Structures are given as C-alpha cells and as structure tokens.
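Colleague: Quick one, entry_21.cif (mmCIF, C-alpha atoms):
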data_structure
#
loop_
_atom_site.group_PDB
_atom_site.id
_atom_site.type_symbol
_atom_site.label_atom_id
_atom_site.label_comp_id
_atom_site.auth_asym_id
_atom_site.auth_seq_id
_atom_site.Cartn_x
_atom_site.Cartn_y
_atom_site.Cartn_z
ATOM 1 C CA MET A 770 -19.557 3.973 13.585
ATOM 2 C CA GLU A 771 -19.573 7.324 15.315
ATOM 3 C CA MET A 772 -16.712 9.617 14.478
ATOM 4 C CA GLU A 773 -15.244 11.648 17.271
ATOM 5 C CA THR A 774 -13.603 14.184 15.030
ATOM 6 C CA ASP A 775 -13.669 15.640 11.550
ATOM 7 C CA PRO A 776 -12.375 13.906 8.408
ATOM 8 C CA LYS A 777 -9.489 16.333 7.955
ATOM 9 C CA SER A 778 -8.229 15.582 11.465
ATOM 10 C CA VAL A 779 -8.667 11.852 10.913
ATOM 11 C CA ALA A 780 -6.646 12.023 7.703
ATOM 12 C CA SER A 781 -3.889 13.967 9.449
ATOM 13 C CA GLU A 782 -3.662 11.509 12.307
ATOM 14 C CA VAL A 783 -3.659 8.500 9.997
ATOM 15 C CA PHE A 784 -0.967 10.049 7.801
ATOM 16 C CA ARG A 785 1.303 10.620 10.784
ATOM 17 C CA ASP A 786 0.801 7.046 11.978
ATOM 18 C CA VAL A 787 1.368 5.488 8.558
ATOM 19 C CA LEU A 788 4.466 7.595 7.913
ATOM 20 C CA GLU A 789 5.893 6.560 11.255
ATOM 21 C CA ASN A 790 5.146 2.854 10.822
ATOM 22 C CA LEU A 791 6.016 2.609 7.144
ATOM 23 C CA ALA A 792 8.965 4.962 6.791
ATOM 24 C CA PHE A 793 10.046 5.596 10.389
ATOM 25 C CA MET A 794 9.592 9.331 9.901
ATOM 26 C CA PHE A 795 7.774 11.707 12.201
ATOM 27 C CA ALA A 796 5.361 14.403 11.060
ATOM 28 C CA ASP A 797 4.042 17.293 13.107
ATOM 29 C CA GLU A 798 1.109 19.342 11.935
ATOM 30 C CA ALA A 799 2.026 22.908 11.049
ATOM 31 C CA GLN A 800 0.351 26.024 9.787
ATOM 32 C CA ALA A 801 0.928 26.769 6.127
ATOM 33 C CA ASP A 802 2.670 30.001 7.138
ATOM 34 C CA ASP A 803 5.149 28.041 9.241
ATOM 35 C CA LEU A 804 6.336 25.933 6.340
ATOM 36 C CA PRO A 805 9.596 26.708 4.557
ATOM 37 C CA GLU A 806 9.435 28.214 1.084
ATOM 38 C CA ALA A 807 7.899 26.102 -1.643
ATOM 39 C CA PRO A 808 10.433 23.452 -2.682
ATOM 40 C CA ALA A 809 12.166 23.896 -6.005
ATOM 41 C CA GLU A 810 11.085 20.407 -7.000
ATOM 42 C CA ALA A 811 8.097 18.617 -5.566
ATOM 43 C CA ARG A 812 5.854 15.681 -6.358
ATOM 44 C CA ARG A 813 2.144 15.271 -5.751
ATOM 45 C CA ALA A 814 0.347 11.923 -5.631
ATOM 46 C CA ASP A 815 -3.416 11.761 -6.175
ATOM 47 C CA MET A 816 -5.972 8.983 -5.868
ATOM 48 C CA GLN A 817 -9.745 8.663 -5.796
ATOM 49 C CA PHE A 818 -12.115 6.358 -3.944
ATOM 50 C CA THR A 819 -15.750 5.387 -4.345
ATOM 51 C CA GLY A 820 -18.159 3.520 -2.091
ATOM 52 C CA VAL A 821 -20.423 4.676 0.717
ATOM 53 C CA MET A 822 -18.258 7.785 0.531
ATOM 54 C CA ALA A 823 -16.542 9.104 -2.558
ATOM 55 C CA GLY A 824 -13.714 11.556 -2.805
ATOM 56 C CA ALA A 825 -10.020 12.008 -3.280
ATOM 57 C CA LEU A 826 -6.804 12.141 -1.308
ATOM 58 C CA ALA A 827 -3.658 13.966 -2.377
ATOM 59 C CA LEU A 828 -0.184 14.125 -0.874
ATOM 60 C CA ALA A 829 2.644 16.456 -1.894
ATOM 61 C CA VAL A 830 6.239 16.410 -0.706
ATOM 62 C CA PRO A 831 9.573 17.777 -1.952
ATOM 63 C CA SER A 832 11.186 15.451 -4.492
ATOM 64 C CA GLU A 833 14.104 14.806 -2.159
ATOM 65 C CA MET A 834 11.630 13.629 0.451
ATOM 66 C CA CYS A 835 10.402 10.943 -1.953
ATOM 67 C CA LEU A 836 13.951 9.582 -1.937
ATOM 68 C CA GLU A 837 14.087 9.548 1.848
ATOM 69 C CA ILE A 838 10.693 7.881 2.108
ATOM 70 C CA ALA A 839 11.736 5.196 -0.370
ATOM 71 C CA ALA A 840 15.071 4.679 1.375
ATOM 72 C CA ASN A 841 13.444 4.312 4.771
ATOM 73 C CA MET A 842 10.764 1.967 3.463
ATOM 74 C CA LEU A 843 13.422 -0.216 1.852
ATOM 75 C CA GLY A 844 15.983 0.118 4.622
ATOM 76 C CA VAL A 845 18.682 1.488 2.314
ATOM 77 C CA ASP A 846 20.674 4.718 2.000
ATOM 78 C CA PRO A 847 18.962 7.594 0.112
ATOM 79 C CA ASP A 848 21.887 7.516 -2.358
ATOM 80 C CA ASP A 849 21.226 3.863 -3.080
ATOM 81 C CA ASP A 850 20.069 3.198 -6.633
ATOM 82 C CA ARG A 851 17.109 1.229 -5.311
ATOM 83 C CA ALA A 852 15.802 4.265 -3.440
ATOM 84 C CA MET A 853 16.234 6.488 -6.497
ATOM 85 C CA GLU A 854 14.412 3.999 -8.723
ATOM 86 C CA LYS A 855 11.491 3.676 -6.336
ATOM 87 C CA ALA A 856 11.150 7.269 -5.100
ATOM 88 C CA GLN A 857 7.898 8.059 -6.883
ATOM 89 C CA ASP A 858 6.529 4.597 -6.303
ATOM 90 C CA ALA A 859 7.140 5.000 -2.569
ATOM 91 C CA LEU A 860 5.129 8.222 -2.523
ATOM 92 C CA LYS A 861 2.261 6.451 -4.291
ATOM 93 C CA GLU A 862 2.325 3.617 -1.791
ATOM 94 C CA LEU A 863 2.439 5.991 1.163
ATOM 95 C CA LEU A 864 -0.696 7.683 -0.186
ATOM 96 C CA ASN A 865 -2.372 4.368 -0.989
ATOM 97 C CA ILE A 866 -1.869 2.992 2.513
ATOM 98 C CA THR A 867 -2.919 6.276 4.093
ATOM 99 C CA CYS A 868 -6.109 6.293 2.015
ATOM 100 C CA GLY A 869 -7.051 2.752 3.004
ATOM 101 C CA HIS A 870 -6.652 3.505 6.683
ATOM 102 C CA VAL A 871 -8.441 6.862 6.451
ATOM 103 C CA LEU A 872 -11.473 5.161 4.898
ATOM 104 C CA THR A 873 -11.574 2.531 7.627
ATOM 105 C CA GLN A 874 -11.352 5.240 10.265
ATOM 106 C CA LEU A 875 -14.128 7.275 8.646
ATOM 107 C CA ALA A 876 -16.539 4.538 7.561
ATOM 108 C CA GLY A 877 -15.729 1.546 9.762
ATOM 109 C CA GLU A 878 -14.725 -1.955 8.729
ATOM 110 C CA GLU A 879 -17.867 -3.055 6.889
ATOM 111 C CA PRO A 880 -18.064 -0.890 3.744
ATOM 112 C CA VAL A 881 -16.093 -1.894 0.681
ATOM 113 C CA PHE A 882 -14.387 0.880 -1.281
ATOM 114 C CA ASP A 883 -12.929 0.921 -4.749
ATOM 115 C CA LEU A 884 -9.615 2.739 -4.799
ATOM 116 C CA SER A 885 -7.971 4.120 -7.915
ATOM 117 C CA VAL A 886 -4.310 3.540 -8.673
ATOM 118 C CA PRO A 887 -2.347 6.571 -7.375
ATOM 119 C CA GLN A 888 -0.852 8.917 -9.942
ATOM 120 C CA VAL A 889 2.170 11.176 -9.431
ATOM 121 C CA ALA A 890 2.912 14.512 -11.078
ATOM 122 C CA SER A 891 5.447 17.302 -10.668
ATOM 123 C CA VAL A 892 4.355 20.382 -8.735
ATOM 124 C CA THR A 893 5.540 23.911 -9.441
ATOM 125 C CA ALA A 894 6.240 26.375 -6.640
ATOM 126 C CA GLU A 895 3.029 28.206 -7.507
ATOM 127 C CA GLN A 896 1.006 24.999 -7.415
ATOM 128 C CA TRP A 897 2.633 24.076 -4.098
ATOM 129 C CA ASP A 898 1.708 27.437 -2.571
ATOM 130 C CA ALA A 899 -1.886 27.158 -3.781
ATOM 131 C CA PHE A 900 -2.118 23.608 -2.412
ATOM 132 C CA ALA A 901 -0.731 24.756 0.946
ATOM 133 C CA ARG A 902 -3.256 27.593 1.204
ATOM 134 C CA ASP A 903 -6.238 25.363 0.406
ATOM 135 C CA ALA A 904 -8.560 25.185 3.420
ATOM 136 C CA GLN A 905 -8.903 21.416 2.980
ATOM 137 C CA THR A 906 -5.146 20.875 3.100
ATOM 138 C CA SER A 907 -3.255 19.825 6.205
ATOM 139 C CA ALA A 908 0.382 20.924 6.411
ATOM 140 C CA PHE A 909 3.159 19.021 8.158
ATOM 141 C CA LEU A 910 6.809 19.284 8.979
ATOM 142 C CA ILE A 911 8.481 15.917 8.657
ATOM 143 C CA ASP A 912 11.315 15.307 11.093
ATOM 144 C CA ASP A 913 11.084 19.053 11.880
ATOM 145 C CA ILE A 914 12.535 19.966 8.485
ATOM 146 C CA GLU A 915 10.743 18.924 5.334
ATOM 147 C CA PRO A 916 7.221 20.072 4.454
ATOM 148 C CA ALA A 917 4.378 17.817 3.400
ATOM 149 C CA LEU A 918 0.813 18.603 2.329
ATOM 150 C CA LEU A 919 -2.208 16.294 2.573
ATOM 151 C CA LYS A 920 -5.665 17.033 1.212
ATOM 152 C CA LEU A 921 -8.803 14.962 1.708
ATOM 153 C CA VAL A 922 -11.886 15.815 -0.332
ATOM 154 C CA LEU A 923 -15.177 14.053 0.363
ATOM 155 C CA ASP A 924 -17.953 14.131 -2.228
ATOM 156 C CA LYS A 925 -21.577 13.318 -1.568
ATOM 157 C CA ALA A 926 -22.426 9.671 -0.838
ATOM 158 C CA ASP A 927 -23.177 7.648 -3.965
ATOM 159 C CA SER A 928 -25.427 5.097 -2.353
ATOM 160 C CA MET B 1186 11.954 -26.901 2.432
ATOM 161 C CA ALA B 1187 12.386 -23.694 0.479
ATOM 162 C CA LEU B 1188 9.232 -22.144 -0.945
ATOM 163 C CA ASN B 1189 8.857 -20.802 -4.453
ATOM 164 C CA ILE B 1190 7.058 -17.520 -3.894
ATOM 165 C CA LEU B 1191 5.261 -15.145 -6.254
ATOM 166 C CA ILE B 1192 4.703 -11.518 -5.217
ATOM 167 C CA VAL B 1193 2.024 -9.684 -7.230
ATOM 168 C CA ASP B 1194 1.880 -5.938 -6.633
ATOM 169 C CA ASP B 1195 2.013 -2.946 -8.957
ATOM 170 C CA SER B 1196 4.333 -1.216 -6.498
ATOM 171 C CA GLU B 1197 7.989 -2.159 -6.912
ATOM 172 C CA THR B 1198 8.516 -0.765 -3.441
ATOM 173 C CA VAL B 1199 5.995 -3.102 -1.859
ATOM 174 C CA ARG B 1200 7.419 -6.071 -3.743
ATOM 175 C CA ALA B 1201 10.859 -5.190 -2.392
ATOM 176 C CA ILE B 1202 9.493 -4.738 1.143
ATOM 177 C CA ILE B 1203 7.719 -8.107 1.074
ATOM 178 C CA ALA B 1204 10.889 -9.779 -0.201
ATOM 179 C CA LYS B 1205 12.888 -8.165 2.568
ATOM 180 C CA ALA B 1206 10.263 -9.112 5.160
ATOM 181 C CA LEU B 1207 10.445 -12.737 4.005
ATOM 182 C CA SER B 1208 14.189 -12.638 4.555
ATOM 183 C CA LEU B 1209 13.923 -10.945 7.942
ATOM 184 C CA ALA B 1210 11.254 -13.441 8.980
ATOM 185 C CA GLN B 1211 13.680 -16.236 8.018
ATOM 186 C CA ILE B 1212 11.178 -17.847 5.703
ATOM 187 C CA PRO B 1213 13.052 -20.234 3.426
ATOM 188 C CA VAL B 1214 12.668 -18.920 -0.121
ATOM 189 C CA GLY B 1215 13.663 -20.959 -3.136
ATOM 190 C CA GLU B 1216 12.732 -18.963 -6.226
ATOM 191 C CA LEU B 1217 11.226 -15.518 -5.825
ATOM 192 C CA HIS B 1218 9.061 -14.339 -8.713
ATOM 193 C CA ASN B 1219 7.509 -10.906 -9.220
ATOM 194 C CA ALA B 1220 4.515 -9.652 -11.187
ATOM 195 C CA SER B 1221 3.066 -6.164 -11.404
ATOM 196 C CA ASN B 1222 -0.574 -7.178 -11.958
ATOM 197 C CA GLY B 1223 -2.880 -10.166 -11.934
ATOM 198 C CA GLU B 1224 -2.405 -10.950 -15.610
ATOM 199 C CA GLU B 1225 1.359 -11.170 -15.218
ATOM 200 C CA GLY B 1226 0.819 -13.145 -12.039
ATOM 201 C CA LEU B 1227 -1.304 -15.754 -13.823
ATOM 202 C CA GLN B 1228 1.354 -16.085 -16.497
ATOM 203 C CA VAL B 1229 4.021 -16.780 -13.865
ATOM 204 C CA LEU B 1230 1.707 -19.279 -12.179
ATOM 205 C CA ARG B 1231 1.246 -21.121 -15.472
ATOM 206 C CA ASP B 1232 4.973 -21.116 -16.269
ATOM 207 C CA GLU B 1233 6.509 -21.840 -12.869
ATOM 208 C CA TRP B 1234 5.838 -24.026 -9.870
ATOM 209 C CA ILE B 1235 4.726 -21.632 -7.137
ATOM 210 C CA ASP B 1236 4.131 -22.701 -3.540
ATOM 211 C CA LEU B 1237 2.773 -19.445 -2.168
ATOM 212 C CA VAL B 1238 1.405 -16.199 -3.613
ATOM 213 C CA PHE B 1239 1.392 -12.755 -2.013
ATOM 214 C CA SER B 1240 -0.996 -10.468 -3.883
ATOM 215 C CA ASP B 1241 -2.287 -6.925 -3.732
ATOM 216 C CA ILE B 1242 -5.929 -6.208 -4.624
ATOM 217 C CA ASN B 1243 -5.905 -2.892 -6.457
ATOM 218 C CA MET B 1244 -3.693 -3.116 -9.524
ATOM 219 C CA PRO B 1245 -3.957 -1.903 -13.107
ATOM 220 C CA VAL B 1246 -4.662 -4.296 -16.013
ATOM 221 C CA MET B 1247 -5.965 -7.058 -13.717
ATOM 222 C CA GLY B 1248 -6.568 -6.723 -9.989
ATOM 223 C CA GLY B 1249 -5.960 -9.320 -7.331
ATOM 224 C CA VAL B 1250 -9.606 -10.367 -6.993
ATOM 225 C CA GLU B 1251 -9.892 -11.281 -10.672
ATOM 226 C CA MET B 1252 -6.571 -13.117 -10.535
ATOM 227 C CA ILE B 1253 -7.771 -15.143 -7.544
ATOM 228 C CA GLU B 1254 -11.058 -15.904 -9.333
ATOM 229 C CA ARG B 1255 -9.128 -17.124 -12.382
ATOM 230 C CA MET B 1256 -6.941 -19.261 -10.134
ATOM 231 C CA GLY B 1257 -10.094 -20.745 -8.639
ATOM 232 C CA GLU B 1258 -11.225 -21.835 -12.100
ATOM 233 C CA ASP B 1259 -7.977 -23.728 -12.697
ATOM 234 C CA ASP B 1260 -7.771 -27.202 -11.130
ATOM 235 C CA LEU B 1261 -4.036 -26.861 -10.531
ATOM 236 C CA LEU B 1262 -3.795 -23.230 -9.489
ATOM 237 C CA LYS B 1263 -6.785 -23.257 -7.147
ATOM 238 C CA ARG B 1264 -4.720 -25.259 -4.666
ATOM 239 C CA THR B 1265 -1.980 -22.636 -4.462
ATOM 240 C CA PRO B 1266 -2.297 -20.637 -1.230
ATOM 241 C CA VAL B 1267 -2.775 -16.902 -1.702
ATOM 242 C CA ILE B 1268 -2.039 -14.305 0.951
ATOM 243 C CA VAL B 1269 -3.602 -10.953 0.145
ATOM 244 C CA VAL B 1270 -1.482 -7.973 1.184
ATOM 245 C CA SER B 1271 -3.525 -4.826 0.847
ATOM 246 C CA THR B 1272 -4.204 -1.407 2.254
ATOM 247 C CA GLU B 1273 -7.924 -2.146 2.526
ATOM 248 C CA GLY B 1274 -9.396 -2.856 5.940
ATOM 249 C CA SER B 1275 -12.961 -3.786 5.054
ATOM 250 C CA ALA B 1276 -14.120 -6.877 6.948
ATOM 251 C CA THR B 1277 -16.689 -7.405 4.200
ATOM 252 C CA ARG B 1278 -13.955 -7.451 1.553
ATOM 253 C CA ILE B 1279 -11.795 -9.783 3.620
ATOM 254 C CA GLU B 1280 -14.687 -12.215 4.044
ATOM 255 C CA GLN B 1281 -15.402 -12.062 0.305
ATOM 256 C CA LEU B 1282 -11.756 -12.868 -0.391
ATOM 257 C CA LYS B 1283 -11.767 -15.815 1.987
ATOM 258 C CA GLN B 1284 -14.870 -17.172 0.267
ATOM 259 C CA LYS B 1285 -12.917 -17.032 -2.980
ATOM 260 C CA GLY B 1286 -10.240 -19.211 -1.418
ATOM 261 C CA VAL B 1287 -7.754 -16.670 -0.074
ATOM 262 C CA SER B 1288 -5.726 -18.268 2.701
ATOM 263 C CA ALA B 1289 -4.927 -15.163 4.707
ATOM 264 C CA TYR B 1290 -5.003 -11.403 4.690
ATOM 265 C CA ILE B 1291 -2.277 -8.983 5.785
ATOM 266 C CA ARG B 1292 -2.936 -5.288 5.958
ATOM 267 C CA LYS B 1293 -0.301 -2.750 4.941
ATOM 268 C CA PRO B 1294 1.840 -1.600 6.596
ATOM 269 C CA PHE B 1295 2.995 -4.920 7.980
ATOM 270 C CA THR B 1296 5.904 -6.315 9.938
ATOM 271 C CA PRO B 1297 8.118 -9.316 9.185
ATOM 272 C CA GLU B 1298 6.563 -10.911 12.255
ATOM 273 C CA ALA B 1299 3.101 -10.623 10.694
ATOM 274 C CA ILE B 1300 4.388 -12.305 7.538
ATOM 275 C CA ARG B 1301 5.989 -15.055 9.599
ATOM 276 C CA GLU B 1302 2.828 -15.662 11.602
ATOM 277 C CA VAL B 1303 0.653 -15.953 8.522
ATOM 278 C CA VAL B 1304 3.057 -18.191 6.625
ATOM 279 C CA ASP B 1305 3.431 -20.405 9.677
ATOM 280 C CA GLY B 1306 -0.337 -20.642 9.880
ATOM 281 C CA ILE B 1307 -0.552 -21.787 6.277
ATOM 282 C CA LEU B 1308 2.317 -24.229 6.604
ATOM 283 C CA GLY B 1309 0.754 -25.573 9.762
ATOM 284 C CA ALA B 1310 -2.473 -26.139 7.857
ATOM 285 C CA GLY B 1311 -0.540 -28.306 5.422
ATOM 286 C CA ASN B 1312 -0.733 -25.845 2.562
ATOM 287 C CA GLY B 1313 2.306 -24.640 0.655
ATOM 288 C CA ASP B 1314 4.755 -27.074 2.196
ATOM 289 C CA GLY B 1315 6.691 -27.113 -1.036
ATOM 290 C CA ASP B 1316 6.124 -30.781 -1.864
ATOM 291 C CA GLY B 1317 3.820 -30.011 -4.760
ATOM 292 C CA SER B 1318 0.902 -31.874 -3.188
#
Would you mind giving the structure from this file in structure tokens?
Modeller:
Amino acid sequence: MEMETDPKSVASEVFRDVLENLAFMFADEAQADDLPEAPAEARRADMQFTGVMAGALALAVPSEMCLEIAANMLGVDPDDDRAMEKAQDALKELLNITCGHVLTQLAGEEPVFDLSVPQVASVTAEQWDAFARDAQTSAFLIDDIEPALLKLVLDKADS
Amino acid sequence: MALNILIVDDSETVRAIIAKALSLAQIPVGELHNASNGEEGLQVLRDEWIDLVFSDINMPVMGGVEMIERMGEDDLLKRTPVIVVSTEGSATRIEQLKQKGVSAYIRKPFTPEAIREVVDGILGAGNGDGDGS
C-alpha cells in the first residue's frame, strides 16, 4: 500500500482520531515551544512491535490527564474511584489502540504484527523536556490545555 | 434469555467499557465474568457455564490466540462462541482467528452498536442462545 505521508504524520493523525473516538477529547498538533511548562507529574507509556516493520511507540501525558482519559473512556467523573483506579491502564490502552491503527495505516491490512504489552512509568520534568525536544516526537495540546507527546520509532525491517 | 458472558482482557478499562457497551446495547446479561489473560479465562470457562466470550489477543501470561486454541481442543468449550476484541487490524490475523473458530471480530475502539450487531449475528446463527445446546 502506498503511503501518502510520513510515519510521524500518520501516527499524529491516528492518535488524534483514536483520542477523539475513545475518550471524546480533541488534540491539536503544537510545536514543543508552544507547550506549557513540563508537568509536575507525568506518565509515559511505551510499547514495541515486530513484523514487516519493527519499532516502538511512546505516549506521555500529565498524570491528571490519565484521570481524564480514564473518566471519559468509562463515562464517569474524573473524581470517581473507577477513573482513579484505571488511570494508568487507560493510558496503556490509548497507546495500544493507537499503535494497532498506526501499523494498519503504515503497512496495510495484510501483515501480522506482534505487539508488546504497554508499560507505564513516571516521567520527571527533565525527561519530559527531553522527550518534547526529540525530533521524532509529535507534540499536542489536548482540548487546548493539556500537553501530550507521541513518539514513533521505526527500526529496519526484520523480514 | 440472559447470557452468561466472559470478558478476557488484561485492561481493566477495556473490560469495564465492554461491560458498559453490553448494557448500552441492551444485551441481556445474566452473569458477567472477567479474566485478565487466557489462562484465567480458561479457568472461568471450566468452572462456569459461559454462553459467550469476548477476548483480547495480546495479553500477558496467555494470549487470546492460545486460549482459543485450547478451547478448540476441548469438546465442550469449542462450542462456546468467541468474539475477539482487539486493536489489531490485520486481515490475515482475522482470517487466521476465524479458521481457529472465532465467531466474530471487533476492532477497538468500538461502539455499543457494533457489539449489538455482532451479538445479534451470533444469536441469529443459533450460537450462544443461552440454552446450553
């Protein structure tokens, strides 16, 4: 399948679509310099994939945003215990679904990929800033307020 | 008749979303069971009467494909309809799953309407009508 644009742009577009359909939130691409200061607390989810393409996808958001994502996915208030319990899990699932759709967009519907289980870790302000400045990272403002960072890395083909 | 349903997914969030979608789609649910991987799912299937399974593919400990293969080796469990709910969009993978006996495939993210349509399709085919046949 012929791609009309580059993988980074594909990942950005897919992320915006998935966020809108899954969590009813709207993301606009932004320049790293336009983002607010690094959040005091943030979470980063990472996963890898192998197949006709191999690589990794990472997504970082402020910790409070994890709560909002979980709440919207579940249809509950962000203060609801269910949202708090599932905040990190919601971030993982957002990344997982984004990754699946990115791979279909990049490689078409025939190849089979093996996806790792997403992992979540805390991110310091310094790590956030470095992630934001990475040339492979796309930056977003979600609902015009909260920052988000998405990074797609493609390795060489393994087949 | 109410269906006893098993949801197998390592994401608590997805399990909750599927349960909510079943409610919104007005699918009659009797007992709702949860498992976080294929191994736990098989244990529930051995311990409880389940009419319909919703399962992810990529899970730790035991993934959905292995669970479905194990179900296919069991004379009782191989008749239980399985709907795979996954982020993957590979037509090759979907065809492989159907050859293993998967009844239907729903791609994440999904709507309650998609769940309803698939369950209706299975019920219409005479599978998972809750009579234990």
Colleague: Please report the interatomic distance between atom CA of Ala917 of chain A and atom CA of Phe900 of chain A in Å with one decimal.
Modeller: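 Atom-to-atom, atom CA of Ala917 of chain A and atom CA of Phe900 of chain A are spaced 10.5 Å apart.
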Colleague: What are the closest atom pairs, with distances in Å to one decimal, for all residues of chain A lying within 7 Å of chain B? Consider all atoms listed in the file, order rows by chain and residue number, and present the result as a Markdown table.
Modeller:
| residue | atom | partner | partner_atom | distance |
| --- | --- | --- | --- | --- |
| A:Asn790 | CA | B:Pro1294 | CA | 7.0 |
| A:Leu791 | CA | B:Pro1294 | CA | 6.0 |
| A:Leu843 | CA | B:Ile1202 | CA | 6.0 |
| A:Lys855 | CA | B:Thr1198 | CA | 6.1 |
| A:Asp858 | CA | B:Ser1196 | CA | 6.2 |
| A:Ala859 | CA | B:Thr1198 | CA | 6.0 |
| A:Asn865 | CA | B:Thr1272 | CA | 6.9 |
| A:Ile866 | CA | B:Thr1272 | CA | 5.0 |
| A:Gly869 | CA | B:Glu1273 | CA | 5.0 |
| A:His870 | CA | B:Gly1274 | CA | 7.0 |
| A:Thr873 | CA | B:Gly1274 | CA | 6.1 |
| A:Glu878 | CA | B:Ser1275 | CA | 4.5 |
| A:Glu879 | CA | B:Thr1277 | CA | 5.2 |
| A:Pro880 | CA | B:Ser1275 | CA | 6.0 |
| A:Val881 | CA | B:Ser1275 | CA | 5.7 |
| A:Leu884 | CA | B:Asn1243 | CA | 6.9 |
| A:Val886 | CA | B:Met1244 | CA | 6.7 |
Colleague: Counting all atoms listed in the file, which residues come within 9 Å of (-9.2, -12.2, 1.2), with the point read in the file's coordinates, and could you list them as a list of chain:residue names?
Modeller: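 Using all atoms listed in the file, the matching residues come out as B:Ile1242, B:Val1250, B:Val1267, B:Ile1268, B:Val1269, B:Val1270, B:Arg1278, B:Ile1279, B:Glu1280, B:Gln1281, B:Leu1282, B:Lys1283, B:Gln1284, B:Lys1285, B:Gly1286, B:Val1287, B:Ser1288, B:Ala1289, B:Tyr1290, B:Ile1291.
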Colleague: What does the distance between atom CA of Met1256 of chain B and atom CA of Ala1187 of chain B come to in Å, to one decimal place?
Modeller: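 Answer for the atom CA of Met1256 of chain B to atom CA of Ala1187 of chain B separation: 22.5 Å.
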Colleague: Quick one: which residues end up in the PyMOL selection byres ((chain A and resi 913) around 12) for this structure, as a list in words?
Modeller: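 Against this file, the PyMOL selection byres ((chain A and resi 913) around 12) returns the residues Met794, Phe795, Ala796, Asp797, Glu798, Ala799, Asp803, Leu804, Pro805, Phe909, Leu910, Ile911, Asp912, Ile914, Glu915, Pro916 and Ala917 of chain A.
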Colleague: B:Val1304, B:Ala1206, B:Ile1192, B:Leu1230: which is nearest Met842 of chain A, counting only C-alpha atoms?
Modeller: B:Ala1206
Colleague: Run the PyMOL selection byres ((chain A and resi 905) around 9) against the file shown and list the residues it catches, as a list in words.
Modeller: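 That expression, the PyMOL selection byres ((chain A and resi 905) around 9), corresponds here to Lys777, Phe900, Arg902, Asp903, Ala904, Thr906, Ser907, Leu919, Lys920, Leu921 and Val922 of chain A.
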Colleague: Would you compute the distance between atom CA of Met1252 of chain B and atom CA of Asp883 of chain A? Give it in Å to one decimal.
Modeller: 16.5 Å
Colleague: Using only C-alpha atoms, which residues sit within 8 Å of Trp897 of chain A once same-chain residues fewer than 5 positions away are excluded, as a list of chain:residue names?
Modeller: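 The neighbour list is A:Ala807, A:Pro808, A:Ala811, A:Ala829, A:Val892.
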Colleague: The PyMOL selection byres ((chain B and resi 1221) around 6) on the file shown: which residues, as a list in words?
Modeller: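 Evaluating the PyMOL selection byres ((chain B and resi 1221) around 6) on this file yields Val1193, Asp1194, Asp1195, Ala1220 and Asn1222 of chain B.
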Colleague: I'd like to know which of B:Asp1305, B:Asp1236, B:Asp1259, B:Glu1298 is closest to Leu1217 of chain B, using only C-alpha atoms.
Modeller: B:Asp1236
Colleague: Pick from B:Leu1262, B:Leu1188, B:Leu1209, B:Ile1253: nearest to Ile1300 of chain B, with only C-alpha atoms counted?
Modeller: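 That would be B:Leu1209, the residue with the smallest distance to Ile1300 of chain B.
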Colleague: Which residues, written as a ChimeraX atom specification, have at least one atom at most 10 Å from Cys868 of chain A, with all atoms listed in the file counted and residues fewer than 5 positions away on the same chain left out?
Modeller: /A:780,783-784,787,816-818,825-827,862-863,873-874,884,921 /B:1272-1273
Colleague: Find, counting all atoms listed in the file, the residue in A:Val779, A:Ala809, A:Ala876, A:Leu828 that gets nearest to Ala890 of chain A.
Modeller: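 Checking each of A:Val779, A:Ala809, A:Ala876, A:Leu828 against Ala890 of chain A, counting all atoms listed in the file, the winner is A:Leu828.
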Colleague: Would you please work out which residue, of B:Leu1308, B:Ala1204, B:Ala1299, B:Leu1261, is nearest to Ile1235 of chain B when using all atoms listed in the file?
Modeller: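 Answer, going by the shortest atom-to-atom distance: B:Leu1261.
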Colleague: Hey, what's within 9 Å of Gln1211 of chain B if we count only C-alpha atoms and toss same-chain stuff fewer than 4 positions away? As a ChimeraX atom specification, please?
Modeller: /B:1206-1207,1297,1301
